[in-house]
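This report refers to the structure that appears directly beneath it.
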Amino acid sequence: MAGKVKWVTDMEKSVLINNFEKRGWVQVTENEDWNFYWMSVQTIRNVFSVETGYRLSDDQIVNHFPNHYELTRKDLMVKNIKRYRKELEKEGSPLAEKDESGKYLYLDFVPITYMLPADYNLFVEEFRKSPSSTWIMKPCGKAQGKGIFLINKLSQIKKWSRDSKTSSFVTQSTKEAYVISLYINNPLLIGGRKFDLRLYVLVSTYRPLRCYMYKLGFCRFCTVKYTPSTSELDNMFVHLTNVAIQKHGEDYNHIHGGKWTVSNLRLYLESTRGKEVTSRLFDEIHWIIVQSLKAVAPVMNNDKHCFECYGYDIIIDDKLKPWLIEVNASPSLTSSTANDRILKYNLINDTLNIAVPNGEIPDCKWNKSPPKEVLGNYEILYDEELAQGDGADRELRSRSGQSLGPKASRLRDAGRTVLTTWK
């Protein structure tokens with residue numbers, strides 16, 4: 001009989017530990033022999049660092065890719081997507097086609113973004129084109145809404161730069177780098193409130209790219225009704241959907257936590273906007289996710305010991321266009337409600353079923369293509385090996401919805417699964 005999986009984690013989260021214990025796995029310390037280590041992003045740096053890192057054996061797997069930050073740091077994600085678009089353009093790919101105004105027809109899914117301080121002059125040039133617009137500033141390396149603020153005047157940036165004790169305009173240190181993005185000031189509202197989508201995506205390998213979409217994502221709502229009024233620019237309860245911020249609001253509901261399931265959102269949109277439009281929206285969301293992963297795949301260290309479950313944050317505007325806001329390497333496993341706890345427990349359960357087949361001691365040489373029965377609430381979103389026969393022209397036809405009917409998704413029964421939709 002095969003031995004039991006020995007696990008370690010540096011995150012004391014019940015949804016993790018309960019899943020490990022349910023499988024009869026054995027807890028050990030990081031200094032002992034282990035097979036499975038669910039670790040924080042800080043720890044992964046040490047595991048793969050040149051100075052302190054060590055060689056992983058074939059029966060050890062971890063839950064992050066070594067340089068996941070190419071996707072999960074706000075500035076690097078944008079940089080990689082911009083590079084990807086330019087490369088496709090250079091190749092003459094129809095996916096990089098632009099309209100008369102120079103906007104990408106199919107790859108315009110991140111708001112206009114600049115790095116500060118590096119792109120300050122470029123930002124000023126863009127700001128002056130539409131001086132009435134609002135911009136959102138975010139520190140590159142922080143999460144949960146920390147350090148974020150909105151501006152609508154250049155003087156506010158100058159003041160921030162003067163007031164910043166870190167001298168952000170002098171030093172290029174990664175800790176102090178910011179991104180500034182055009183604020184989506186026309187978000188789709190439900191009940192007058194702004195919301196975003198948190199979707200979970202599992203990547204088992206980047207080359208070839210194989211990723212899975214979790215069907216049970218959710219929407220996070222603001223507690224205060226949305227207004228684009230400049231007098232409310234400082235009110236984060238109006239603008240930021242992060243639970244870490246909203247839970248401090250007077251109107252925060254501790255029972256449902258200001259959350260809605262994706263399936264509820266889908267039903268709501270089907271009844272208010274129609275099924276065809278809703279299907280197209282979800283196809284576009286899938287498209288964005290796959291393209292963002294394709295953008296980072298060439299630079300990602302595709303270590304065979306790694307898998308990763310990302311938290312994608314998407315905002316939908318009032319024209320039903322989805323925008324990729326950011327990707328999280330360690331989506332929160334803290335439960336704010338009972339439903340949240342169930343969802344996250346199941347998320348970890350289904351992730352482990354794919355990453356550690358049959359709950360047995362891992363072998364990182366396996367082909368990372370599990371049978372459909374073990375996927376649980378995951379669906380295959382993109383499989384590069386199965387999609388090899390697809391040319392960009394066919395992908396483009398699918399993308400632009402040419403005569404695809406209401407189900408603009410592409411499910412290839414012959415095994416060429418490219419983009420799927422939630423059922």
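In the structure tokens, chains take letters A, B, ... by order of appearance, with residues numbered from 1 within each chain and ligands from 1 in the order shown.
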
Exercise: Leu324 (chain A) partners within 7 Å, only C-alpha atoms, chain neighbours under 6 positions left out, as number ranges by chain: A: 109-110, 313-315

- prompt: If you count only C-alpha atoms, which residues fall within 7 Å of Phe307 (chain A), apart from same-chain ones fewer than 3 positions away, as a ChimeraX atom specification?
  reply: /A:62-65,203-205,355

- request: Give me every helix (DSSP H, G or I) residue in region 7-239 of chain A, going by DSSP on the backbone, as JSON, numbers by chain.
  value: {"A": [14, 15, 16, 17, 18, 19, 20, 21, 22, 41, 42, 43, 44, 45, 46, 47, 48, 69, 70, 71, 72, 74, 75, 76, 77, 78, 79, 80, 81, 82, 83, 84, 85, 86, 87, 88, 89, 90, 94, 95, 96, 120, 121, 122, 123, 124, 125, 126, 127, 128, 129, 154, 155, 156, 157, 158, 159, 160, 161, 162, 163, 174, 175, 176, 230, 231, 232, 236, 237, 238, 239]}

query: Pick from A:Leu88, A:Tyr178, A:Gly311, A:Ser263: nearest to Ala329 (chain A), with only C-alpha atoms counted?
result: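 Of A:Leu88, A:Tyr178, A:Gly311, A:Ser263, the one nearest Ala329 (chain A), counting only C-alpha atoms, is A:Gly311.
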
message: Taking only C-alpha atoms into account, name the residue in A:Trp135, A:Tyr54, A:Tyr183, A:Tyr345 that is nearest to Ser14 (chain A).
response: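 Closest to Ser14 (chain A) of all the choices is A:Tyr345.
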
- request: Give the answer as one residue: which of A:Glu326, A:Glu51, A:Asp318, A:Glu100 has the shortest atom-to-atom distance to Val179 (chain A), using only C-alpha atoms?
  value: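 For Val179 (chain A), the nearest of the candidates is A:Glu326.
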
Interatomic distance (Å, one decimal) between CA of Pro228 (chain A) and CA of Phe149 (chain A):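 Straight-line distance from CA of Pro228 (chain A) to CA of Phe149 (chain A) works out to 14.3 Å.
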
message: Just the number, please: distance in Å from CA of Ala295 (chain A) to CA of Arg83 (chain A), one decimal.
response: 7.7 Å

task: Just give me the gap between CA of Leu107 (chain A) and CA of Pro139 (chain A) in Å, one decimal is fine.
output: 24.5 Å

- request: Would you mind writing down, as a list in words, each residue of region 290-347 of chain A that DSSP on the backbone assigns to strand (DSSP E or B)?
  value: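 So the strand (DSSP E or B) residues in region 290-347 of chain A would be Cys306, Glu308, Cys309, Tyr310, Gly311, Tyr312, Asp313, Ile314, Ile315, Ile316, Asp317, Pro322, Trp323, Leu324, Ile325, Glu326, Val327 and Asn328 of chain A.
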
message: Between A:Asn186, A:Ser161, A:Ser335, A:Asn377, which residue has the minimum interatomic distance to Leu116 (chain A), considering only C-alpha atoms?
response: A:Ser161

task: Between A:Asn346, A:Asn339, A:Ser271, A:Ser49, single out the one closest to Asn18 (chain A), counting only C-alpha atoms.
output: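 That would be A:Asn346, the residue with the smallest distance to Asn18 (chain A).
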
query: Excluding same-chain residues fewer than 3 positions from Glu32 (chain A), what lies within 10 Å of it counting only C-alpha atoms, as a list of chain:residue names?
result: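 In the requested form, the answer reads A:Lys6, A:Trp7, A:Val8, A:Gln27, A:Val28, A:Thr29, A:Asn35.
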
Can I get the selection written as a CSV table (one decimal), in the first residue's frame, with all heavy atoms?
chain,number,residue,atom,x,y,z
A,6,LYS,N,2.3,13.5,3.0
A,6,LYS,CA,2.7,14.3,4.2
A,6,LYS,C,2.6,15.8,3.8
A,6,LYS,O,3.2,16.2,2.8
A,6,LYS,CB,4.2,14.0,4.6
A,6,LYS,CG,4.4,12.6,5.0
A,6,LYS,CD,5.9,12.3,5.2
A,6,LYS,CE,6.1,10.8,5.4
A,6,LYS,NZ,7.5,10.4,5.0
A,7,TRP,N,1.8,16.5,4.6
A,7,TRP,CA,1.6,17.9,4.2
A,7,TRP,C,2.1,18.9,5.2
A,7,TRP,O,2.3,18.6,6.4
A,7,TRP,CB,0.1,18.1,4.0
A,7,TRP,CG,-0.8,17.9,5.2
A,7,TRP,CD1,-1.3,16.8,5.7
A,7,TRP,CD2,-1.2,18.9,6.2
A,7,TRP,NE1,-2.0,17.0,6.8
A,7,TRP,CE2,-2.0,18.3,7.2
A,7,TRP,CE3,-0.9,20.3,6.3
A,7,TRP,CZ2,-2.5,19.0,8.2
A,7,TRP,CZ3,-1.5,21.0,7.4
A,7,TRP,CH2,-2.3,20.3,8.3
A,8,VAL,N,2.4,20.1,4.6
A,8,VAL,CA,2.8,21.3,5.5
A,8,VAL,C,2.0,22.5,4.9
A,8,VAL,O,1.7,22.5,3.7
A,8,VAL,CB,4.3,21.6,5.2
A,8,VAL,CG1,4.8,22.6,6.3
A,8,VAL,CG2,5.1,20.4,5.2
A,27,GLN,N,0.3,15.4,8.8
A,27,GLN,CA,0.9,16.7,9.0
A,27,GLN,C,2.4,16.5,9.4
A,27,GLN,O,2.6,15.7,10.4
A,27,GLN,CB,0.2,17.6,10.0
A,27,GLN,CG,0.8,19.0,10.1
A,27,GLN,CD,-0.1,19.9,10.9
A,27,GLN,OE1,-1.0,19.5,11.6
A,27,GLN,NE2,0.2,21.2,10.8
A,28,VAL,N,3.3,17.3,8.8
A,28,VAL,CA,4.7,17.2,9.2
A,28,VAL,C,5.2,18.7,9.3
A,28,VAL,O,4.4,19.6,8.9
A,28,VAL,CB,5.6,16.4,8.3
A,28,VAL,CG1,5.2,14.9,8.3
A,28,VAL,CG2,5.5,17.0,6.8
A,29,THR,N,6.4,18.9,9.7
A,29,THR,CA,6.9,20.3,9.7
A,29,THR,C,7.7,20.5,8.4
A,29,THR,O,8.1,19.5,7.7
A,29,THR,CB,7.9,20.5,10.9
A,29,THR,OG1,9.0,19.7,10.7
A,29,THR,CG2,7.2,20.2,12.2
A,35,ASN,N,5.4,16.0,1.1
A,35,ASN,CA,5.0,15.8,-0.3
A,35,ASN,C,4.2,17.0,-0.8
A,35,ASN,O,4.3,17.3,-2.0
A,35,ASN,CB,4.1,14.6,-0.4
A,35,ASN,CG,4.7,13.3,0.1
A,35,ASN,OD1,4.2,12.8,1.1
A,35,ASN,ND2,5.8,12.9,-0.4

Nearest candidate to Pro187 (chain A) (options A:Tyr268, A:Tyr106, A:Phe282, A:Phe221; using only C-alpha atoms):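 Of the candidates, the smallest distance to Pro187 (chain A) is held by A:Phe221.
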
task: Extract, using only C-alpha atoms, all DNA, RNA and protein residues at most 10 Å from Lys98 (chain A), discarding same-chain residues fewer than 5 positions from it, and format them as a list in words.
output: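 Residues near the query, excluding close chain neighbours: Glu89, Lys103, Tyr104, Leu105, Tyr106, Leu107 and Asp108 of chain A.
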
field: Residue neighbourhood region 112-115 of chain A, 7 Å, only C-alpha atoms, exclusion window fewer than 2 positions, as a ChimeraX atom specification
entry: /A:75,110,117-119,123,178-182

Would you output that residue set with N, CA and C atoms, as an mmCIF file, in the first residue's frame?
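For reference, again-v5.cif as written:
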data_model
loop_
_atom_site.group_PDB
_atom_site.id
_atom_site.type_symbol
_atom_site.label_atom_id
_atom_site.label_comp_id
_atom_site.auth_asym_id
_atom_site.auth_seq_id
_atom_site.Cartn_x
_atom_site.Cartn_y
_atom_site.Cartn_z
ATOM 1 N N ASP A 75 1.597 45.788 -11.859
ATOM 2 C CA ASP A 75 2.398 46.414 -12.912
ATOM 3 C C ASP A 75 2.910 45.386 -13.921
ATOM 4 N N VAL A 110 -7.915 45.469 -20.475
ATOM 5 C CA VAL A 110 -7.425 46.082 -19.236
ATOM 6 C C VAL A 110 -7.560 47.590 -19.395
ATOM 7 N N PRO A 117 6.750 55.623 -10.602
ATOM 8 C CA PRO A 117 7.026 56.882 -11.301
ATOM 9 C C PRO A 117 7.475 56.747 -12.745
ATOM 10 N N ALA A 118 7.782 55.556 -13.223
ATOM 11 C CA ALA A 118 8.436 55.402 -14.532
ATOM 12 C C ALA A 118 7.682 56.071 -15.689
ATOM 13 N N ASP A 119 6.351 55.910 -15.722
ATOM 14 C CA ASP A 119 5.570 56.413 -16.874
ATOM 15 C C ASP A 119 4.888 57.748 -16.610
ATOM 16 N N PHE A 123 1.691 59.328 -18.604
ATOM 17 C CA PHE A 123 0.399 59.470 -17.928
ATOM 18 C C PHE A 123 -0.130 60.896 -18.057
ATOM 19 N N TYR A 178 3.778 52.208 -7.971
ATOM 20 C CA TYR A 178 2.319 52.276 -8.081
ATOM 21 C C TYR A 178 1.912 52.073 -9.531
ATOM 22 N N VAL A 179 0.671 51.633 -9.717
ATOM 23 C CA VAL A 179 0.071 51.721 -11.044
ATOM 24 C C VAL A 179 -1.058 52.737 -10.957
ATOM 25 N N ILE A 180 -1.273 53.443 -12.056
ATOM 26 C CA ILE A 180 -2.414 54.357 -12.126
ATOM 27 C C ILE A 180 -3.226 53.964 -13.348
ATOM 28 N N SER A 181 -4.506 53.682 -13.151
ATOM 29 C CA SER A 181 -5.377 53.193 -14.229
ATOM 30 C C SER A 181 -6.578 54.103 -14.392
ATOM 31 N N LEU A 182 -7.038 54.190 -15.627
ATOM 32 C CA LEU A 182 -8.276 54.920 -15.881
ATOM 33 C C LEU A 182 -9.389 54.215 -15.112
#

Residues within 9 Å of region 21-24 of chain A, only C-alpha atoms, excluding chain neighbours under 6 positions, as a tab-separated table (two decimals) with N, CA, C and O atoms, in the first residue's frame:
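As written to disk, result-v4.tsv reads:
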chain	number	residue	atom	x	y	z
A	4	LYS	N	1.13	7.55	2.96
A	4	LYS	CA	0.21	8.68	2.99
A	4	LYS	C	0.95	9.98	2.66
A	4	LYS	O	2.13	10.14	2.96
A	5	VAL	N	0.21	10.89	2.04
A	5	VAL	CA	0.78	12.19	1.69
A	5	VAL	C	1.12	12.95	2.97
A	5	VAL	O	0.30	13.05	3.89
A	359	GLY	N	-5.48	11.57	-4.33
A	359	GLY	CA	-4.97	11.82	-2.99
A	359	GLY	C	-3.73	11.02	-2.65
A	359	GLY	O	-3.40	10.82	-1.49
